[in-house]
$ cat my_file_15.cif   # mmCIF, N, CA and C atoms
data_data
#
loop_
_atom_site.label_atom_id
_atom_site.label_comp_id
_atom_site.auth_asym_id
_atom_site.auth_seq_id
_atom_site.Cartn_x
_atom_site.Cartn_y
_atom_site.Cartn_z
N MET A 284 78.00 27.15 -116.97
CA MET A 284 78.61 27.42 -115.68
C MET A 284 78.01 26.48 -114.62
N LYS A 285 78.88 26.03 -113.74
CA LYS A 285 78.43 25.17 -112.64
C LYS A 285 78.79 25.82 -111.32
N GLU A 286 77.89 25.71 -110.37
CA GLU A 286 78.17 26.23 -109.04
C GLU A 286 79.23 25.37 -108.37
N THR A 287 80.22 26.02 -107.78
CA THR A 287 81.33 25.29 -107.16
C THR A 287 80.84 24.36 -106.05
N GLN A 288 79.85 24.79 -105.29
CA GLN A 288 79.38 23.96 -104.17
C GLN A 288 78.79 22.63 -104.64
N LEU A 289 78.40 22.56 -105.91
CA LEU A 289 77.84 21.32 -106.45
C LEU A 289 78.91 20.40 -107.04
N LEU A 290 80.15 20.87 -107.09
CA LEU A 290 81.22 20.12 -107.73
C LEU A 290 82.00 19.21 -106.79
N TYR A 291 81.79 19.33 -105.51
CA TYR A 291 82.54 18.51 -104.56
C TYR A 291 82.29 17.02 -104.80
N LYS A 292 83.36 16.25 -104.75
CA LYS A 292 83.28 14.79 -104.93
C LYS A 292 83.00 14.13 -103.58
N LYS A 293 82.31 13.01 -103.64
CA LYS A 293 82.00 12.25 -102.42
C LYS A 293 83.23 11.47 -101.99
N PHE A 294 83.49 11.46 -100.69
CA PHE A 294 84.59 10.67 -100.15
C PHE A 294 84.11 9.26 -99.84
N HIS A 295 85.01 8.30 -99.98
CA HIS A 295 84.71 6.91 -99.66
C HIS A 295 85.31 6.59 -98.30
N THR A 296 84.42 6.43 -97.32
CA THR A 296 84.87 6.15 -95.96
C THR A 296 84.35 4.79 -95.53
N ARG A 297 85.00 4.23 -94.54
CA ARG A 297 84.57 2.93 -94.02
C ARG A 297 84.05 3.04 -92.59
N GLU A 298 84.42 4.13 -91.93
CA GLU A 298 83.99 4.40 -90.55
C GLU A 298 84.22 3.20 -89.64
N LYS A 299 85.42 2.65 -89.73
CA LYS A 299 85.81 1.51 -88.91
C LYS A 299 85.92 1.91 -87.44
N TYR A 300 86.36 3.14 -87.19
CA TYR A 300 86.52 3.64 -85.83
C TYR A 300 85.35 4.59 -85.54
N LYS A 301 84.54 4.26 -84.57
CA LYS A 301 83.33 5.03 -84.26
C LYS A 301 83.63 6.45 -83.77
N ASP A 302 84.79 6.62 -83.11
CA ASP A 302 85.09 7.93 -82.52
C ASP A 302 86.01 8.78 -83.40
N ILE A 303 86.14 8.39 -84.67
CA ILE A 303 86.96 9.16 -85.60
C ILE A 303 86.10 9.64 -86.75
N ASP A 304 86.11 10.94 -86.98
CA ASP A 304 85.35 11.55 -88.07
C ASP A 304 86.26 11.60 -89.31
N GLU A 305 86.11 10.62 -90.18
CA GLU A 305 87.00 10.50 -91.34
C GLU A 305 86.89 11.70 -92.28
N ILE A 306 85.69 12.22 -92.46
CA ILE A 306 85.50 13.38 -93.33
C ILE A 306 86.24 14.59 -92.75
N LYS A 307 86.14 14.77 -91.45
CA LYS A 307 86.84 15.89 -90.80
C LYS A 307 88.35 15.75 -90.97
N ILE A 308 88.85 14.54 -90.88
CA ILE A 308 90.29 14.31 -91.04
C ILE A 308 90.71 14.61 -92.48
N LEU A 309 89.94 14.15 -93.44
CA LEU A 309 90.27 14.41 -94.85
C LEU A 309 90.22 15.91 -95.16
N THR A 310 89.18 16.58 -94.69
CA THR A 310 89.01 17.99 -95.03
C THR A 310 89.92 18.91 -94.22
N ALA A 311 90.65 18.36 -93.26
CA ALA A 311 91.64 19.17 -92.53
C ALA A 311 92.67 19.74 -93.51
N LEU A 312 92.85 19.07 -94.63
CA LEU A 312 93.78 19.53 -95.66
C LEU A 312 93.43 20.94 -96.13
N TYR A 313 92.15 21.29 -96.13
CA TYR A 313 91.70 22.57 -96.67
C TYR A 313 92.32 23.78 -95.96
N GLN A 314 92.75 23.61 -94.73
CA GLN A 314 93.31 24.74 -93.99
C GLN A 314 94.79 24.98 -94.30
N TYR A 315 95.40 24.11 -95.08
CA TYR A 315 96.82 24.23 -95.39
C TYR A 315 97.04 24.80 -96.79
N SER A 316 98.09 25.61 -96.93
CA SER A 316 98.43 26.13 -98.26
C SER A 316 99.94 26.15 -98.49
N VAL A 317 100.71 25.66 -97.53
CA VAL A 317 102.16 25.58 -97.69
C VAL A 317 102.64 24.19 -97.31
N ASP A 318 103.81 23.84 -97.77
CA ASP A 318 104.48 22.57 -97.50
C ASP A 318 104.07 21.53 -98.55
N SER A 319 104.77 20.41 -98.54
CA SER A 319 104.45 19.36 -99.50
C SER A 319 103.18 18.65 -99.03
N LEU A 320 102.49 18.08 -99.98
CA LEU A 320 101.28 17.33 -99.66
C LEU A 320 101.61 16.19 -98.70
N GLU A 321 102.75 15.55 -98.92
CA GLU A 321 103.18 14.44 -98.06
C GLU A 321 103.34 14.90 -96.61
N ALA A 322 103.99 16.05 -96.40
CA ALA A 322 104.21 16.56 -95.05
C ALA A 322 102.89 16.93 -94.38
N VAL A 323 102.00 17.54 -95.13
CA VAL A 323 100.71 17.97 -94.56
C VAL A 323 99.86 16.75 -94.21
N VAL A 324 99.77 15.79 -95.10
CA VAL A 324 98.97 14.59 -94.83
C VAL A 324 99.55 13.84 -93.64
N SER A 325 100.86 13.74 -93.57
CA SER A 325 101.51 13.09 -92.44
C SER A 325 101.17 13.80 -91.13
N ARG A 326 101.20 15.12 -91.16
CA ARG A 326 100.87 15.91 -89.97
C ARG A 326 99.41 15.68 -89.56
N ILE A 327 98.51 15.66 -90.51
CA ILE A 327 97.09 15.45 -90.22
C ILE A 327 96.88 14.06 -89.61
N ILE A 328 97.50 13.05 -90.20
CA ILE A 328 97.36 11.68 -89.69
C ILE A 328 97.94 11.58 -88.28
N ASN A 329 99.12 12.14 -88.06
CA ASN A 329 99.74 12.08 -86.74
C ASN A 329 98.88 12.76 -85.69
N GLU A 330 98.32 13.92 -86.02
CA GLU A 330 97.44 14.62 -85.08
C GLU A 330 96.19 13.80 -84.77
N ALA A 331 95.64 13.16 -85.79
CA ALA A 331 94.44 12.34 -85.57
C ALA A 331 94.76 11.12 -84.70
N VAL A 332 95.89 10.48 -84.96
CA VAL A 332 96.29 9.31 -84.17
C VAL A 332 96.54 9.73 -82.72
N LEU A 333 97.28 10.81 -82.53
CA LEU A 333 97.57 11.27 -81.17
C LEU A 333 96.29 11.68 -80.44
N GLY A 334 95.39 12.35 -81.16
CA GLY A 334 94.11 12.72 -80.56
C GLY A 334 93.31 11.50 -80.14
N HIS A 335 93.32 10.49 -80.99
CA HIS A 335 92.62 9.24 -80.68
C HIS A 335 93.26 8.55 -79.48
N MET A 336 94.59 8.56 -79.44
CA MET A 336 95.31 7.91 -78.34
C MET A 336 95.02 8.63 -77.01
N ASN A 337 94.90 9.95 -77.05
CA ASN A 337 94.60 10.70 -75.83
C ASN A 337 93.20 10.39 -75.31
N LEU A 338 92.28 10.12 -76.23
CA LEU A 338 90.92 9.77 -75.83
C LEU A 338 90.84 8.34 -75.30
N ASN A 339 91.72 7.49 -75.80
CA ASN A 339 91.72 6.07 -75.43
C ASN A 339 93.08 5.73 -74.83
N LEU A 340 93.25 6.08 -73.58
CA LEU A 340 94.55 5.92 -72.93
C LEU A 340 95.01 4.48 -72.82
N ASP A 341 94.10 3.54 -72.98
CA ASP A 341 94.46 2.12 -72.90
C ASP A 341 94.99 1.60 -74.23
N SER A 342 95.05 2.44 -75.25
CA SER A 342 95.50 2.02 -76.58
C SER A 342 96.95 1.55 -76.52
N THR A 343 97.24 0.56 -77.34
CA THR A 343 98.60 0.03 -77.43
C THR A 343 99.30 0.61 -78.66
N ILE A 344 100.59 0.40 -78.72
CA ILE A 344 101.37 0.83 -79.87
C ILE A 344 100.84 0.16 -81.14
N MET A 345 100.49 -1.11 -81.05
CA MET A 345 99.96 -1.82 -82.22
C MET A 345 98.65 -1.21 -82.70
N GLN A 346 97.81 -0.79 -81.77
CA GLN A 346 96.55 -0.14 -82.16
C GLN A 346 96.84 1.21 -82.81
N MET A 347 97.85 1.91 -82.30
CA MET A 347 98.23 3.19 -82.87
C MET A 347 98.75 3.01 -84.30
N LEU A 348 99.57 1.99 -84.51
CA LEU A 348 100.09 1.71 -85.85
C LEU A 348 98.98 1.28 -86.80
N ALA A 349 98.03 0.50 -86.30
CA ALA A 349 96.90 0.07 -87.13
C ALA A 349 96.06 1.28 -87.54
N LEU A 350 95.83 2.19 -86.61
CA LEU A 350 95.07 3.40 -86.94
C LEU A 350 95.82 4.26 -87.95
N ASN A 351 97.13 4.37 -87.77
CA ASN A 351 97.95 5.12 -88.72
C ASN A 351 97.83 4.53 -90.13
N ASP A 352 97.92 3.22 -90.23
CA ASP A 352 97.77 2.55 -91.53
C ASP A 352 96.37 2.77 -92.11
N TYR A 353 95.37 2.68 -91.25
CA TYR A 353 93.99 2.87 -91.69
C TYR A 353 93.78 4.27 -92.26
N LEU A 354 94.29 5.28 -91.56
CA LEU A 354 94.14 6.66 -92.02
C LEU A 354 94.96 6.92 -93.28
N SER A 355 96.13 6.29 -93.38
CA SER A 355 96.93 6.42 -94.60
C SER A 355 96.16 5.87 -95.79
N SER A 356 95.52 4.72 -95.60
CA SER A 356 94.75 4.13 -96.71
C SER A 356 93.53 4.98 -97.02
N LEU A 357 92.97 5.66 -96.02
CA LEU A 357 91.85 6.57 -96.25
C LEU A 357 92.26 7.69 -97.21
N PHE A 358 93.45 8.27 -96.98
CA PHE A 358 93.93 9.33 -97.86
C PHE A 358 94.23 8.78 -99.26
N ILE A 359 94.82 7.62 -99.34
CA ILE A 359 95.14 7.02 -100.65
C ILE A 359 93.86 6.74 -101.43
N ARG A 360 92.89 6.16 -100.77
CA ARG A 360 91.62 5.78 -101.41
C ARG A 360 90.87 7.01 -101.94
N ASN A 361 91.03 8.13 -101.28
CA ASN A 361 90.30 9.34 -101.63
C ASN A 361 91.18 10.41 -102.27
N PHE A 362 92.36 10.04 -102.72
CA PHE A 362 93.37 11.02 -103.13
C PHE A 362 92.85 11.99 -104.20
N GLU A 363 92.36 11.48 -105.31
CA GLU A 363 91.92 12.38 -106.39
C GLU A 363 90.73 13.23 -105.98
N ALA A 364 89.77 12.64 -105.29
CA ALA A 364 88.61 13.42 -104.83
C ALA A 364 89.06 14.48 -103.83
N LEU A 365 90.00 14.12 -102.97
CA LEU A 365 90.48 15.07 -101.97
C LEU A 365 91.19 16.26 -102.62
N ILE A 366 92.04 15.99 -103.59
CA ILE A 366 92.76 17.08 -104.26
C ILE A 366 91.77 17.94 -105.04
N TYR A 367 90.84 17.31 -105.74
CA TYR A 367 89.82 18.06 -106.49
C TYR A 367 89.01 18.94 -105.54
N ASN A 368 88.55 18.38 -104.42
CA ASN A 368 87.77 19.14 -103.45
C ASN A 368 88.61 20.26 -102.82
N TYR A 369 89.89 19.98 -102.61
CA TYR A 369 90.81 20.99 -102.08
C TYR A 369 90.86 22.21 -103.02
N LEU A 370 90.95 21.94 -104.31
CA LEU A 370 91.00 23.02 -105.30
C LEU A 370 89.67 23.78 -105.36
N ILE A 371 88.57 23.06 -105.31
CA ILE A 371 87.25 23.71 -105.31
C ILE A 371 87.10 24.58 -104.06
N ASN A 372 87.51 24.05 -102.92
CA ASN A 372 87.44 24.81 -101.67
C ASN A 372 88.28 26.07 -101.76
N TYR A 373 89.45 25.98 -102.35
CA TYR A 373 90.32 27.15 -102.53
C TYR A 373 89.64 28.20 -103.40
N LEU A 374 89.03 27.76 -104.50
CA LEU A 374 88.32 28.69 -105.38
C LEU A 374 87.20 29.41 -104.62
N GLU A 375 86.47 28.65 -103.82
CA GLU A 375 85.39 29.26 -103.04
C GLU A 375 85.94 30.30 -102.05
N LYS A 376 87.07 30.01 -101.45
CA LYS A 376 87.69 30.96 -100.52
C LYS A 376 88.13 32.23 -101.25
N GLN A 377 88.39 32.10 -102.56
CA GLN A 377 88.76 33.25 -103.38
C GLN A 377 87.54 34.01 -103.88
N GLY A 378 86.35 33.54 -103.52
CA GLY A 378 85.13 34.22 -103.91
C GLY A 378 84.54 33.73 -105.22
N ILE A 379 85.10 32.67 -105.77
CA ILE A 379 84.59 32.12 -107.04
C ILE A 379 83.46 31.14 -106.72
N GLU A 380 82.29 31.42 -107.24
CA GLU A 380 81.12 30.60 -106.95
C GLU A 380 80.68 29.73 -108.12
N GLU A 381 81.20 30.02 -109.32
CA GLU A 381 80.85 29.24 -110.51
C GLU A 381 82.08 29.07 -111.38
N ILE A 382 82.16 27.93 -112.05
CA ILE A 382 83.23 27.73 -113.04
C ILE A 382 82.61 27.13 -114.30
N ASP A 383 83.28 27.37 -115.42
CA ASP A 383 82.75 26.83 -116.67
C ASP A 383 83.36 25.45 -116.93
N GLU A 384 82.86 24.79 -117.96
CA GLU A 384 83.29 23.42 -118.26
C GLU A 384 84.77 23.34 -118.62
N THR A 385 85.29 24.38 -119.28
CA THR A 385 86.70 24.39 -119.66
C THR A 385 87.58 24.37 -118.42
N LEU A 386 87.27 25.21 -117.45
CA LEU A 386 88.05 25.24 -116.22
C LEU A 386 87.88 23.94 -115.43
N GLU A 387 86.69 23.39 -115.45
CA GLU A 387 86.44 22.12 -114.76
C GLU A 387 87.33 21.01 -115.35
N GLU A 388 87.44 20.96 -116.68
CA GLU A 388 88.30 19.98 -117.34
C GLU A 388 89.76 20.21 -116.97
N LYS A 389 90.18 21.47 -116.92
CA LYS A 389 91.56 21.79 -116.56
C LYS A 389 91.85 21.44 -115.11
N LEU A 390 90.84 21.55 -114.26
CA LEU A 390 91.00 21.13 -112.86
C LEU A 390 91.30 19.64 -112.79
N TYR A 391 90.56 18.85 -113.57
CA TYR A 391 90.80 17.40 -113.60
C TYR A 391 92.22 17.10 -114.06
N GLU A 392 92.69 17.81 -115.08
CA GLU A 392 94.05 17.61 -115.57
C GLU A 392 95.07 17.97 -114.49
N LEU A 393 94.82 19.07 -113.78
CA LEU A 393 95.71 19.49 -112.71
C LEU A 393 95.75 18.44 -111.60
N VAL A 394 94.60 17.92 -111.24
CA VAL A 394 94.52 16.89 -110.20
C VAL A 394 95.34 15.66 -110.60
N LYS A 395 95.26 15.27 -111.86
CA LYS A 395 96.00 14.09 -112.35
C LYS A 395 97.51 14.29 -112.25
N SER A 396 97.97 15.55 -112.23
CA SER A 396 99.41 15.83 -112.19
C SER A 396 99.96 15.86 -110.76
N VAL A 397 99.09 15.76 -109.78
CA VAL A 397 99.49 15.88 -108.38
C VAL A 397 99.94 14.54 -107.82
N ASP A 398 101.02 14.57 -107.05
CA ASP A 398 101.43 13.40 -106.28
C ASP A 398 101.80 13.87 -104.87
N MET A 399 102.23 12.95 -104.03
CA MET A 399 102.48 13.30 -102.63
C MET A 399 103.65 14.27 -102.46
N LYS A 400 104.51 14.38 -103.44
CA LYS A 400 105.65 15.30 -103.36
C LYS A 400 105.27 16.72 -103.78
N THR A 401 104.08 16.88 -104.34
CA THR A 401 103.63 18.19 -104.81
C THR A 401 103.58 19.17 -103.64
N ASN A 402 104.10 20.37 -103.89
CA ASN A 402 104.06 21.43 -102.91
C ASN A 402 102.73 22.17 -103.05
N LEU A 403 102.04 22.39 -101.94
CA LEU A 403 100.72 23.03 -102.00
C LEU A 403 100.80 24.44 -102.57
N GLU A 404 101.87 25.17 -102.27
CA GLU A 404 102.02 26.52 -102.83
C GLU A 404 102.07 26.47 -104.35
N ASP A 405 102.81 25.50 -104.88
CA ASP A 405 102.92 25.34 -106.33
C ASP A 405 101.57 24.93 -106.94
N LEU A 406 100.86 24.06 -106.25
CA LEU A 406 99.56 23.60 -106.73
C LEU A 406 98.57 24.77 -106.80
N LEU A 407 98.54 25.59 -105.75
CA LEU A 407 97.62 26.74 -105.74
C LEU A 407 98.05 27.80 -106.75
N ALA A 408 99.35 27.96 -106.96
CA ALA A 408 99.83 28.90 -107.98
C ALA A 408 99.39 28.43 -109.37
N ALA A 409 99.48 27.12 -109.62
CA ALA A 409 99.04 26.56 -110.90
C ALA A 409 97.54 26.77 -111.08
N LEU A 410 96.78 26.63 -110.00
CA LEU A 410 95.33 26.86 -110.07
C LEU A 410 95.03 28.33 -110.36
N ASP A 411 95.74 29.22 -109.68
CA ASP A 411 95.56 30.66 -109.93
C ASP A 411 95.86 30.99 -111.39
N GLU A 412 96.90 30.39 -111.93
CA GLU A 412 97.27 30.61 -113.33
C GLU A 412 96.18 30.10 -114.26
N LEU A 413 95.62 28.93 -113.96
CA LEU A 413 94.52 28.38 -114.77
C LEU A 413 93.33 29.33 -114.77
N CYS A 414 93.04 29.88 -113.62
CA CYS A 414 91.89 30.81 -113.51
C CYS A 414 92.13 32.08 -114.30
N MET A 415 93.36 32.58 -114.28
CA MET A 415 93.69 33.80 -115.04
C MET A 415 93.59 33.55 -116.53
N VAL A 416 94.11 32.42 -116.98
CA VAL A 416 94.09 32.08 -118.39
C VAL A 416 92.65 31.86 -118.85
N ASN A 417 91.84 31.28 -117.97
CA ASN A 417 90.46 30.95 -118.31
C ASN A 417 89.54 32.17 -118.33
N HIS A 418 89.92 33.24 -117.64
CA HIS A 418 89.04 34.40 -117.58
C HIS A 418 89.63 35.56 -118.30
#
$ encode --input "my_file_15.cif" --output "structure tokens"
Amino acid sequence: MKETQLLYKKFHTREKYKDIDEIKILTALYQYSVDSLEAVVSRIINEAVLGHMNLNLDSTIMQMLALNDYLSSLFIRNFEALIYNYLINYLEKQGIEEIDETLEEKLYELVKSVDMKTNLEDLLAALDELCMVNH
């Protein structure tokens, strides 16, 4: 058995923008459980860009587009780790503090099946099913 808190994957950030917390932006996904992954990630990126623009009123449209591209690449670069961490975070919210190696392997398989069109409700239902089968 492994403690769930020890299973989180490290995110790869570049911290190009000093006033943007990339980890906070990535982990904003944890609060969502409905809608497609694409819609949620788009919403998170848009909120981050608009928040940044409000802080920097002198920003231009080109700077806004560059930030949007940068944050999109952040999600792409960290996609598998983000989905894996999302699932671990969900398990912890369900009160699960340890998982065995079999479930850990199945989590990896589940992560590999996810794409941007995946609906979060379906993903969490598949995780719940894995946990029921595993226990």
$ residues_around --input "my_file_15.cif" --residues "Met347 of chain A" --least-positions-apart "2" --cutoff "9 Å" --atoms "only C-alpha atoms" --output "ChimeraX atom specification"
/A:332-333,335-336,342-345,349-352
$ residues_around --input "my_file_15.cif" --residues "segment 301-308 of chain A" --least-positions-apart "6" --cutoff "8 Å" --atoms "only N, CA and C atoms" --output "PDB file with N, CA and C atoms, in the coordinates of the input"
ATOM      1  N   PHE A 294      83.490  11.460-100.690  1.00  0.00           N
ATOM      2  CA  PHE A 294      84.590  10.670-100.150  1.00  0.00           C
ATOM      3  C   PHE A 294      84.110   9.260 -99.840  1.00  0.00           C
ATOM      4  N   ILE A 327      98.510  15.660 -90.510  1.00  0.00           N
ATOM      5  CA  ILE A 327      97.090  15.450 -90.220  1.00  0.00           C
ATOM      6  C   ILE A 327      96.880  14.060 -89.610  1.00  0.00           C
ATOM      7  N   ILE A 328      97.500  13.050 -90.200  1.00  0.00           N
ATOM      8  CA  ILE A 328      97.360  11.680 -89.690  1.00  0.00           C
ATOM      9  C   ILE A 328      97.940  11.580 -88.280  1.00  0.00           C
ATOM     10  N   ALA A 331      95.640  13.160 -85.790  1.00  0.00           N
ATOM     11  CA  ALA A 331      94.440  12.340 -85.570  1.00  0.00           C
ATOM     12  C   ALA A 331      94.760  11.120 -84.700  1.00  0.00           C
ATOM     13  N   HIS A 335      93.320  10.490 -80.990  1.00  0.00           N
ATOM     14  CA  HIS A 335      92.620   9.240 -80.680  1.00  0.00           C
ATOM     15  C   HIS A 335      93.260   8.550 -79.480  1.00  0.00           C
ATOM     16  N   LEU A 357      92.970   5.660 -96.020  1.00  0.00           N
ATOM     17  CA  LEU A 357      91.850   6.570 -96.250  1.00  0.00           C
ATOM     18  C   LEU A 357      92.260   7.690 -97.210  1.00  0.00           C
TER      19      LEU A 357
END
$ atom_distance --input "my_file_15.cif" --atom1 "atom C of Gly378 of chain A" --atom2 "atom C of Leu312 of chain A"
18.0 Å
$ atom_distance --input "my_file_15.cif" --atom1 "atom N of Glu388 of chain A" --atom2 "atom CA of Ile371 of chain A"
11.7 Å
$ select_by_dssp --input "my_file_15.cif" --residues "chain A" --states "strand (DSSP E or B)" --output "list in words"
Lys285, Glu286, Ser319, Glu381, Ile382 and Asn402 of chain A
$ residues_around --input "my_file_15.cif" --residues "segment 398-402 of chain A" --least-positions-apart "4" --cutoff "6.5 Å" --atoms "only N, CA and C atoms" --output "VMD selection string"
chain A and resid 317 to 322 406 to 407
$ write_last_selection --input "my_file_15.cif" --atoms "N, CA and C atoms" --output "compact mmCIF listing (two decimals), keeping the file's coordinate frame"
# COMPACT_ATOMS: atom_id res chain seq x y z
N VAL A 317 100.71 25.66 -97.53
CA VAL A 317 102.16 25.58 -97.69
C VAL A 317 102.64 24.19 -97.31
N ASP A 318 103.81 23.84 -97.77
CA ASP A 318 104.48 22.57 -97.50
C ASP A 318 104.07 21.53 -98.55
N SER A 319 104.77 20.41 -98.54
CA SER A 319 104.45 19.36 -99.50
C SER A 319 103.18 18.65 -99.03
N LEU A 320 102.49 18.08 -99.98
CA LEU A 320 101.28 17.33 -99.66
C LEU A 320 101.61 16.19 -98.70
N GLU A 321 102.75 15.55 -98.92
CA GLU A 321 103.18 14.44 -98.06
C GLU A 321 103.34 14.90 -96.61
N ALA A 322 103.99 16.05 -96.40
CA ALA A 322 104.21 16.56 -95.05
C ALA A 322 102.89 16.93 -94.38
N LEU A 406 100.86 24.06 -106.25
CA LEU A 406 99.56 23.60 -106.73
C LEU A 406 98.57 24.77 -106.80
N LEU A 407 98.54 25.59 -105.75
CA LEU A 407 97.62 26.74 -105.74
C LEU A 407 98.05 27.80 -106.75
$ closest_residue --input "my_file_15.cif" --among "A:Glu380, A:Val324, A:Gln346, A:Leu386" --to "Cys414 of chain A" --atoms "only N, CA and C atoms"
A:Leu386
$ residues_around --input "my_file_15.cif" --residues "Lys395 of chain A" --least-positions-apart "4" --cutoff "8 Å" --atoms "all atoms listed in the file" --output "MDAnalysis selection string"
chainID A and resid 363 367 389:391
$ resolve_selection --input "my_file_15.cif" --expression "the PyMOL selection byres (((chain A and resi 313 and name CA) around 8) and name CA)" --output "list of chain:residue names"
A:Thr310, A:Ala311, A:Leu312, A:Gln314, A:Tyr315, A:Ser316, A:Tyr369, A:Asn372, A:Tyr373
$ atom_distance --input "my_file_15.cif" --atom1 "atom CA of Leu348 of chain A" --atom2 "atom CA of Glu330 of chain A"
13.2 Å
$ closest_residue --input "my_file_15.cif" --among "A:Leu410, A:Ile379, A:Leu338, A:Met284" --to "Leu393 of chain A" --atoms "only N, CA and C atoms"
A:Leu410
$ resolve_selection --input "my_file_15.cif" --expression "the PyMOL selection byres ((chain A and resi 292) around 6)" --output "MDAnalysis selection string"
chainID A and resid 290:291 293:294 364 368
$ select_by_dssp --input "my_file_15.cif" --residues "chain A" --states "alpha helix (DSSP H)" --output "VMD selection string"
chain A and resid 305 to 310 320 to 338 344 to 360 362 to 376 384 to 395 403 to 417
$ residues_around --input "my_file_15.cif" --residues "Asn361 of chain A" --least-positions-apart "5" --cutoff "6.5 Å" --atoms "all atoms listed in the file" --output "PyMOL selection string"
chain A and resi 294-295+356+366
$ build_atoms --input "my_file_15.cif" --residues "segment 337-343 of chain A" --atoms "all heavy atoms" --output "compact mmCIF listing (two decimals), in the frame of the given file"
# COMPACT_ATOMS: atom_id res chain seq x y z
N ASN A 337 94.90 9.95 -77.05
CA ASN A 337 94.60 10.70 -75.83
C ASN A 337 93.20 10.39 -75.31
O ASN A 337 92.95 10.41 -74.12
CB ASN A 337 94.74 12.20 -76.06
CG ASN A 337 96.19 12.63 -76.14
OD1 ASN A 337 97.08 11.96 -75.61
ND2 ASN A 337 96.44 13.74 -76.79
N LEU A 338 92.28 10.12 -76.23
CA LEU A 338 90.92 9.77 -75.83
C LEU A 338 90.84 8.34 -75.30
O LEU A 338 89.98 8.01 -74.50
CB LEU A 338 89.95 9.92 -77.02
CG LEU A 338 89.71 11.33 -77.53
CD1 LEU A 338 88.84 11.30 -78.77
CD2 LEU A 338 89.05 12.17 -76.44
N ASN A 339 91.72 7.49 -75.80
CA ASN A 339 91.72 6.07 -75.43
C ASN A 339 93.08 5.73 -74.83
O ASN A 339 93.93 5.14 -75.50
CB ASN A 339 91.45 5.20 -76.66
CG ASN A 339 90.13 5.54 -77.31
OD1 ASN A 339 89.09 5.35 -76.71
ND2 ASN A 339 90.17 6.07 -78.52
N LEU A 340 93.25 6.08 -73.58
CA LEU A 340 94.55 5.92 -72.93
C LEU A 340 95.01 4.48 -72.82
O LEU A 340 96.18 4.20 -72.62
CB LEU A 340 94.54 6.59 -71.55
CG LEU A 340 94.34 8.10 -71.58
CD1 LEU A 340 94.23 8.65 -70.17
CD2 LEU A 340 95.47 8.78 -72.33
N ASP A 341 94.10 3.54 -72.98
CA ASP A 341 94.46 2.12 -72.90
C ASP A 341 94.99 1.60 -74.23
O ASP A 341 95.34 0.43 -74.33
CB ASP A 341 93.25 1.28 -72.48
CG ASP A 341 92.78 1.61 -71.08
OD1 ASP A 341 93.61 2.07 -70.27
OD2 ASP A 341 91.58 1.41 -70.79
N SER A 342 95.05 2.44 -75.25
CA SER A 342 95.50 2.02 -76.58
C SER A 342 96.95 1.55 -76.52
O SER A 342 97.78 2.08 -75.79
CB SER A 342 95.39 3.16 -77.58
OG SER A 342 94.06 3.53 -77.74
N THR A 343 97.24 0.56 -77.34
CA THR A 343 98.60 0.03 -77.43
C THR A 343 99.30 0.61 -78.66
O THR A 343 98.66 1.20 -79.53
CB THR A 343 98.57 -1.51 -77.56
OG1 THR A 343 97.96 -1.84 -78.81
CG2 THR A 343 97.81 -2.15 -76.40
